[in-house]
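Colleague: Contents of entry.pdb (PDB, C-alpha atoms and all ligand atoms) are below:
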ATOM      1  CA  MET E 160      50.073  99.717 -37.511
ATOM      2  CA  LYS E 161      51.613  96.402 -38.554
ATOM      3  CA  GLU E 162      48.656  94.336 -37.262
ATOM      4  CA  LYS E 163      46.185  96.117 -39.476
ATOM      5  CA  ASN E 164      48.232  95.764 -42.626
ATOM      6  CA  PHE E 165      49.593  92.287 -42.101
ATOM      7  CA  PHE E 166      47.171  90.240 -44.217
ATOM      8  CA  LEU E 167      46.501  93.100 -46.637
ATOM      9  CA  SER E 168      50.126  93.131 -47.697
ATOM     10  CA  LEU E 169      50.329  89.406 -48.504
ATOM     11  CA  ASN E 170      49.758  87.605 -51.778
ATOM     12  CA  LYS E 171      47.629  84.529 -51.131
ATOM     13  CA  GLU E 172      48.431  82.936 -54.509
ATOM     14  CA  ALA E 173      52.143  83.069 -53.752
ATOM     15  CA  LEU E 174      51.565  81.860 -50.196
ATOM     16  CA  SER E 175      49.513  78.890 -51.375
ATOM     17  CA  GLU E 176      52.629  77.569 -53.112
ATOM     18  CA  ARG E 177      54.108  77.066 -49.637
ATOM     19  CA  ILE E 178      51.389  74.713 -48.414
ATOM     20  CA  LYS E 179      52.806  71.564 -46.846
ATOM     21  CA  LEU E 180      50.697  68.566 -45.870
ATOM     22  CA  GLU E 181      51.398  66.337 -42.905
ATOM     23  CA  PRO E 182      49.450  63.209 -41.883
ATOM     24  CA  ALA E 183      46.796  63.998 -39.283
ATOM     25  CA  TYR E 184      45.780  61.809 -36.357
ATOM     26  CA  CYS E 185      43.125  60.268 -38.619
ATOM     27  CA  HIS E 186      45.605  59.410 -41.400
ATOM     28  CA  ILE E 187      44.559  55.801 -41.036
ATOM     29  CA  ALA E 188      41.311  56.808 -42.749
ATOM     30  CA  LYS E 189      43.428  57.637 -45.838
ATOM     31  CA  GLY E 190      43.511  61.168 -47.124
ATOM     32  CA  CYS E 191      43.467  63.016 -43.824
ATOM     33  CA  TYR E 192      46.031  65.760 -43.504
ATOM     34  CA  LEU E 193      46.902  68.923 -41.691
ATOM     35  CA  ALA E 194      47.965  71.765 -43.961
ATOM     36  CA  GLU E 195      50.721  74.126 -42.907
ATOM     37  CA  ILE E 196      51.960  77.444 -44.242
ATOM     38  CA  SER E 197      54.860  79.494 -42.934
ATOM     39  CA  PHE E 198      54.701  83.268 -43.235
ATOM     40  CA  SER E 199      57.813  85.393 -43.284
ATOM     41  CA  ASP E 200      56.689  87.310 -40.182
ATOM     42  CA  ASN E 201      55.773  86.206 -36.708
ATOM     43  CA  LEU E 202      52.006  86.309 -36.135
ATOM     44  CA  SER E 203      52.108  86.358 -32.320
ATOM     45  CA  SER E 204      51.226  90.033 -31.907
ATOM     46  CA  LEU E 205      48.055  89.510 -33.979
ATOM     47  CA  LEU E 206      46.611  86.812 -31.749
ATOM     48  CA  PRO E 207      45.085  89.082 -29.040
ATOM     49  CA  TYR E 208      43.211  90.916 -31.818
ATOM     50  CA  LEU E 209      42.026  87.750 -33.570
ATOM     51  CA  LYS E 210      40.971  85.917 -30.418
ATOM     52  CA  PRO E 211      37.910  88.092 -29.606
ATOM     53  CA  GLN E 212      36.603  87.526 -33.131
ATOM     54  CA  VAL E 213      36.800  83.713 -33.350
ATOM     55  CA  LYS E 214      35.540  80.687 -31.450
ATOM     56  CA  ALA E 215      38.725  79.965 -29.522
ATOM     57  CA  LEU E 216      39.315  76.354 -28.484
ATOM     58  CA  TYR E 217      42.696  77.055 -27.006
ATOM     59  CA  TYR E 218      44.576  80.277 -26.433
ATOM     60  CA  GLU E 219      47.891  81.205 -24.946
ATOM     61  CA  PRO E 220      48.194  84.966 -25.379
ATOM     62  CA  GLU E 221      50.810  85.984 -27.947
ATOM     63  CA  ASN E 222      51.829  82.346 -28.415
ATOM     64  CA  LEU E 223      49.138  80.012 -29.730
ATOM     65  CA  LEU E 224      45.539  80.405 -30.862
ATOM     66  CA  ILE E 225      43.419  77.459 -31.990
ATOM     67  CA  PHE E 226      39.941  78.081 -33.232
ATOM     68  CA  LYS E 227      37.084  76.394 -35.000
ATOM     69  CA  TRP E 228      36.161  77.758 -38.404
ATOM     70  CA  LYS E 229      33.164  76.731 -40.462
ATOM     71  CA  ARG E 230      33.345  76.445 -44.216
ATOM     72  CA  GLY E 231      30.151  75.183 -45.809
ATOM     73  CA  ASP E 232      29.010  72.309 -43.634
ATOM     74  CA  LYS E 233      32.498  71.358 -42.485
ATOM     75  CA  PHE E 234      34.418  72.594 -39.480
ATOM     76  CA  TYR E 235      38.159  73.106 -39.640
ATOM     77  CA  LYS E 236      40.521  73.508 -36.787
ATOM     78  CA  VAL E 237      42.859  76.440 -37.389
ATOM     79  CA  SER E 238      45.973  77.189 -35.386
ATOM     80  CA  LEU E 239      48.297  80.161 -35.445
ATOM     81  CA  LYS E 240      51.651  80.011 -33.726
ATOM     82  CA  GLY E 241      54.837  81.929 -34.421
ATOM     83  CA  GLU E 242      55.131  82.203 -38.189
ATOM     84  CA  THR E 243      52.915  79.228 -38.853
ATOM     85  CA  LEU E 244      49.293  78.765 -39.836
ATOM     86  CA  LYS E 245      47.915  75.222 -39.685
ATOM     87  CA  PHE E 246      44.479  73.992 -40.593
ATOM     88  CA  GLY E 247      42.739  70.707 -41.080
ATOM     89  CA  THR E 248      41.812  68.226 -41.680
ATOM     90  CA  VAL E 249      41.885  68.200 -45.458
ATOM     91  CA  SER E 250      41.776  65.223 -47.780
ATOM     92  CA  ASP E 251      44.311  66.423 -50.349
ATOM     93  CA  ARG E 252      46.347  69.363 -51.668
ATOM     94  CA  GLU E 253      43.467  70.680 -53.767
ATOM     95  CA  GLU E 254      41.188  70.959 -50.748
ATOM     96  CA  ALA E 255      44.049  72.538 -48.768
ATOM     97  CA  ARG E 256      44.469  75.212 -51.443
ATOM     98  CA  GLU E 257      40.737  75.953 -51.641
ATOM     99  CA  VAL E 258      40.423  76.122 -47.858
ATOM    100  CA  PHE E 259      43.490  78.325 -47.572
ATOM    101  CA  PHE E 260      42.113  80.879 -50.025
ATOM    102  CA  GLU E 261      38.868  81.221 -48.055
ATOM    103  CA  LEU E 262      40.605  81.139 -44.714
ATOM    104  CA  PHE E 263      43.042  83.826 -45.822
ATOM    105  CA  ASP E 264      40.150  86.083 -46.910
ATOM    106  CA  TYR E 265      38.457  85.445 -43.570
ATOM    107  CA  LEU E 266      41.603  86.429 -41.633
ATOM    108  CA  LYS E 267      42.062  89.468 -43.839
ATOM    109  CA  GLU E 268      38.518  90.570 -43.098
ATOM    110  CA  LEU E 269      39.086  90.143 -39.358
ATOM    111  CA  SER E 270      42.271  92.173 -39.594
ATOM    112  CA  LEU E 271      40.279  95.161 -40.852
ATOM    113  CA  LYS E 272      38.752  95.395 -37.369
ATOM    114  CA  PHE E 273      42.037  95.259 -35.463
ATOM    115  CA  GLU E 274      42.074  99.017 -34.897
ATOM    116  CA  ILE E 275      38.735  98.987 -33.091
ATOM    117  CA  ILE E 276      39.176  95.636 -31.290
ATOM    118  CA  GLU E 277      40.129  95.513 -27.632
ATOM    119  CA  PRO E 278      42.980  92.946 -27.463
ATOM    120  CA  ASP E 279      42.212  89.886 -25.341
ATOM    121  CA  TYR E 280      44.938  88.334 -23.172
ATOM    122  CA  LYS E 281      42.785  85.879 -21.233
ATOM    123  CA  PRO E 282      43.882  82.269 -21.895
ATOM    124  CA  VAL E 283      41.461  79.546 -23.002
ATOM    125  CA  LYS E 284      42.374  75.989 -22.063
ATOM    126  CA  ARG E 285      40.771  72.570 -21.807
ATOM    127  CA  PRO E 286      42.181  69.706 -19.734
ATOM    128  CA  GLN E 287      44.887  67.612 -21.389
ATOM    129  CA  ALA E 288      43.904  64.476 -23.314
ATOM    130  CA  LEU E 289      45.312  62.111 -20.683
ATOM    131  CA  ILE E 290      43.142  63.662 -17.989
ATOM    132  CA  ILE E 291      40.035  63.301 -20.160
ATOM    133  CA  TYR E 292      41.057  59.757 -21.096
ATOM    134  CA  LYS E 293      40.754  58.658 -17.462
ATOM    135  CA  TYR E 294      36.975  59.112 -17.718
ATOM    136  CA  LEU E 295      36.527  57.194 -21.001
ATOM    137  CA  PRO E 296      35.746  53.440 -21.045
ATOM    138  CA  LYS E 297      39.128  52.484 -22.662
ATOM    139  CA  THR E 298      37.613  49.705 -24.764
ATOM    140  CA  ASN E 299      38.556  51.258 -28.124
ATOM    141  CA  CYS E 300      35.228  50.144 -29.568
ATOM    142  CA  LYS E 301      35.386  52.840 -32.310
ATOM    143  CA  GLU E 302      31.690  53.691 -32.062
ATOM    144  CA  CYS E 303      32.512  57.374 -31.649
ATOM    145  CA  GLY E 304      34.210  57.296 -35.037
ATOM    146  CA  GLU E 305      37.710  57.342 -33.541
ATOM    147  CA  MET E 306      40.119  54.426 -33.600
ATOM    148  CA  THR E 307      40.816  54.656 -29.884
ATOM    149  CA  CYS E 308      39.459  56.238 -26.732
ATOM    150  CA  LEU E 309      42.671  58.255 -26.521
ATOM    151  CA  ALA E 310      41.991  59.709 -29.969
ATOM    152  CA  LEU E 311      38.590  60.912 -28.788
ATOM    153  CA  ALA E 312      40.166  62.295 -25.619
ATOM    154  CA  ALA E 313      42.596  64.279 -27.781
ATOM    155  CA  LYS E 314      39.716  65.666 -29.820
ATOM    156  CA  ILE E 315      37.797  66.674 -26.712
ATOM    157  CA  SER E 316      40.905  68.322 -25.306
ATOM    158  CA  MET E 317      41.258  70.442 -28.436
ATOM    159  CA  GLY E 318      37.574  71.300 -28.548
ATOM    160  CA  GLU E 319      36.917  69.221 -31.658
ATOM    161  CA  ALA E 320      34.599  66.765 -29.891
ATOM    162  CA  GLU E 321      32.481  66.577 -26.778
ATOM    163  CA  PRO E 322      32.032  63.854 -24.128
ATOM    164  CA  GLU E 323      28.621  63.084 -25.661
ATOM    165  CA  ASN E 324      30.425  61.610 -28.682
ATOM    166  CA  CYS E 325      31.047  58.481 -26.605
ATOM    167  CA  PRO E 326      27.801  56.522 -26.203
ATOM    168  CA  HIS E 327      29.280  54.311 -23.470
ATOM    169  CA  LEU E 328      30.046  56.869 -20.788
ATOM    170  CA  THR E 329      28.366  56.322 -17.455
ATOM    171  CA  GLU E 330      26.214  59.171 -16.285
ATOM    172  CA  GLU E 331      28.714  59.841 -13.531
ATOM    173  CA  SER E 332      31.660  60.078 -15.943
ATOM    174  CA  LEU E 333      29.662  62.232 -18.309
ATOM    175  CA  ASN E 334      28.771  64.670 -15.548
ATOM    176  CA  GLU E 335      32.346  64.771 -14.273
ATOM    177  CA  LEU E 336      33.684  65.430 -17.746
ATOM    178  CA  ARG E 337      31.122  68.141 -18.365
ATOM    179  CA  SER E 338      32.116  69.937 -15.208
ATOM    180  CA  LEU E 339      35.832  69.555 -16.092
ATOM    181  CA  LEU E 340      35.191  71.252 -19.415
ATOM    182  CA  GLU E 341      33.087  74.136 -18.059
TER     183      GLU E 341
HETATM  184  S1  LIG E 401      32.926  55.221 -28.308
HETATM  185 FE1  LIG E 401      33.752  55.569 -26.279
HETATM  186  S2  LIG E 401      34.544  53.560 -25.663
HETATM  187 FE2  LIG E 401      34.291  53.507 -27.860
HETATM  188  S3  LIG E 401      36.286  54.168 -28.714
HETATM  189 FE3  LIG E 401      35.015  55.977 -28.562
HETATM  190  S4  LIG E 401      35.562  56.814 -26.581
HETATM  191 FE4  LIG E 401      36.239  54.700 -26.558
END
Translate this file's structure into structure tokens.
Ligand code: SF4
Modeller:
Amino acid sequence: MKEKNFFLSLNKEALSERIKLEPAYCHIAKGCYLAEISFSDNLSSLLPYLKPQVKALYYEPENLLIFKWKRGDKFYKVSLKGETLKFGTVSDREEAREVFFELFDYLKELSLKFEIIEPDYKPVKRPQALIIYKYLPKTNCKECGEMTCLALAAKISMGEAEPENCPHLTEESLNELRSLLE
């Protein structure tokens, strides 16, 4: 079974040489990147077996899986699509390499359960950032830690933040957003 052996057959040291960094949405804060690695095989058929084992933020069966992964006290957003694994944010190449090694071991461990896992084809989606943005105050005050309200909307859309991160939401907007995200 290809799914079971996929990660077992790979060499993480060799793969780590392929890490590419691209500026993340928070690049303005200097040293904020998304790391990307391309495998030689398409990962799509693995996604329905990984999805039941992770905290999925977004899932299109056999196309794209985004999930939250905790390492120490930091959360990383991990995405798998086609032949590509992306994760972030990281502050530099050294962190990307360290994170990749642990993330690879985590995925390898999950793959050991593929034979007993019931594949999951139910999508997971949150509303798009522009829909969420309509409910935010649009003052770009930065108190949520983001440079703009749209940046927070994007984070909420991808499951990286919650409406409560904005201290200026009216109760009505907060309730509407909460019900949108349920
Ligand atoms: S705290 Fe709220 S109003 Fe201020 S930038 Fe963030 S989302 Fe916008």
Colleague: Can you tell me which residues sit at most 8 Å away from ligand LIG 401 (chain E), counting only C-alpha atoms and all ligand atoms, written as a list of chain:residue names?
Modeller: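 Every residue with an atom at most 8 Å from ligand LIG 401 (chain E) is listed here: E:Leu295, E:Pro296, E:Lys297, E:Thr298, E:Asn299, E:Cys300, E:Lys301, E:Glu302, E:Cys303, E:Gly304, E:Glu305, E:Met306, E:Thr307, E:Cys308, E:Leu309, E:Ala310, E:Leu311, E:Ala312, E:Asn324, E:Cys325, E:Pro326, E:His327, E:Leu328.
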Colleague: Take the PyMOL selection byres (((chain E and resi 318) around 10) and not hetatm), apply it to the structure above, and return the hits as a list in words.
Modeller: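 Residues picked by the PyMOL selection byres (((chain E and resi 318) around 10) and not hetatm): Ala215, Leu216, Tyr217, Ile225, Phe226, Lys227, Lys236, Lys284, Arg285, Ala312, Ala313, Lys314, Ile315, Ser316, Met317, Glu319, Ala320, Glu321 and Leu340 of chain E.
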Colleague: Using the chain letters and residue numbers of this document, give as a VMD selection string the residues selected by the PyMOL selection byres (((chain E and resi 276) around 9) and not hetatm).
Modeller: chain E and resid 208 to 209 211 to 212 272 to 275 277 to 279
Colleague: Write a file of the just-selected residues containing C-alpha atoms, as a PDB file, in the coordinates of the input.
Modeller:
ATOM      1  CA  TYR E 208      43.211  90.916 -31.818  1.00  0.00           C
ATOM      2  CA  LEU E 209      42.026  87.750 -33.570  1.00  0.00           C
ATOM      3  CA  PRO E 211      37.910  88.092 -29.606  1.00  0.00           C
ATOM      4  CA  GLN E 212      36.603  87.526 -33.131  1.00  0.00           C
ATOM      5  CA  LYS E 272      38.752  95.395 -37.369  1.00  0.00           C
ATOM      6  CA  PHE E 273      42.037  95.259 -35.463  1.00  0.00           C
ATOM      7  CA  GLU E 274      42.074  99.017 -34.897  1.00  0.00           C
ATOM      8  CA  ILE E 275      38.735  98.987 -33.091  1.00  0.00           C
ATOM      9  CA  GLU E 277      40.129  95.513 -27.632  1.00  0.00           C
ATOM     10  CA  PRO E 278      42.980  92.946 -27.463  1.00  0.00           C
ATOM     11  CA  ASP E 279      42.212  89.886 -25.341  1.00  0.00           C
TER      12      ASP E 279
END
Colleague: Give as number ranges by chain the residues that the PyMOL selection byres (((chain E and resi 171) around 12) and not hetatm) matches when applied to the coordinates above.
Modeller: E: 166-170, 172-178, 196, 198, 256-267
Colleague: What is the atom CA of E:Val249-atom CA of E:Tyr235 distance in Å, reported with one decimal?
Modeller: 8.5 Å
Colleague: What does the structure give for the distance between atom CA of E:Cys191 and atom CA of E:Gly247, in Å to one decimal?
Modeller: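 Spanning atom CA of E:Cys191 to atom CA of E:Gly247 is a straight-line distance of 8.2 Å.
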Colleague: Calculated over all atoms listed in the file, which of the candidates E:Phe246, E:Tyr280, E:Tyr292, E:Phe165 has the smallest distance to E:Lys179?
Modeller: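 The answer is E:Phe246, which sits nearest to E:Lys179.
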Colleague: Of the residues E:Leu333, E:Ala194, E:Leu244, E:Ile290, which is the one nearest to E:Leu224, using only C-alpha atoms?
Modeller: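 Among the listed residues, the smallest separation from E:Leu224 belongs to E:Leu244.
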Colleague: Please report the interatomic distance between atom CA of E:Leu289 and atom CA of E:Leu193 in Å with one decimal.
Modeller: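 So the two atoms, atom CA of E:Leu289 and atom CA of E:Leu193, lie 22.1 Å apart.
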Colleague: Quick one: 8 Å padding each side, axis-aligned, all listed atoms of stretch 211-227 of chain E - centre and edge lengths in Å to one decimal, as AutoDock Vina command-line options?
Modeller:
--center_x 43.7 --center_y 82.2 --center_z -30.0 --size_x 32.3 --size_y 27.7 --size_z 26.1
Colleague: Which residue, E:Glu341, E:Glu221, E:Glu181, E:Glu330, has the smallest gap to E:Ala255 when you use all atoms listed in the file?
Modeller: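 Going through E:Glu341, E:Glu221, E:Glu181, E:Glu330 one by one, the smallest distance to E:Ala255 is for E:Glu181.
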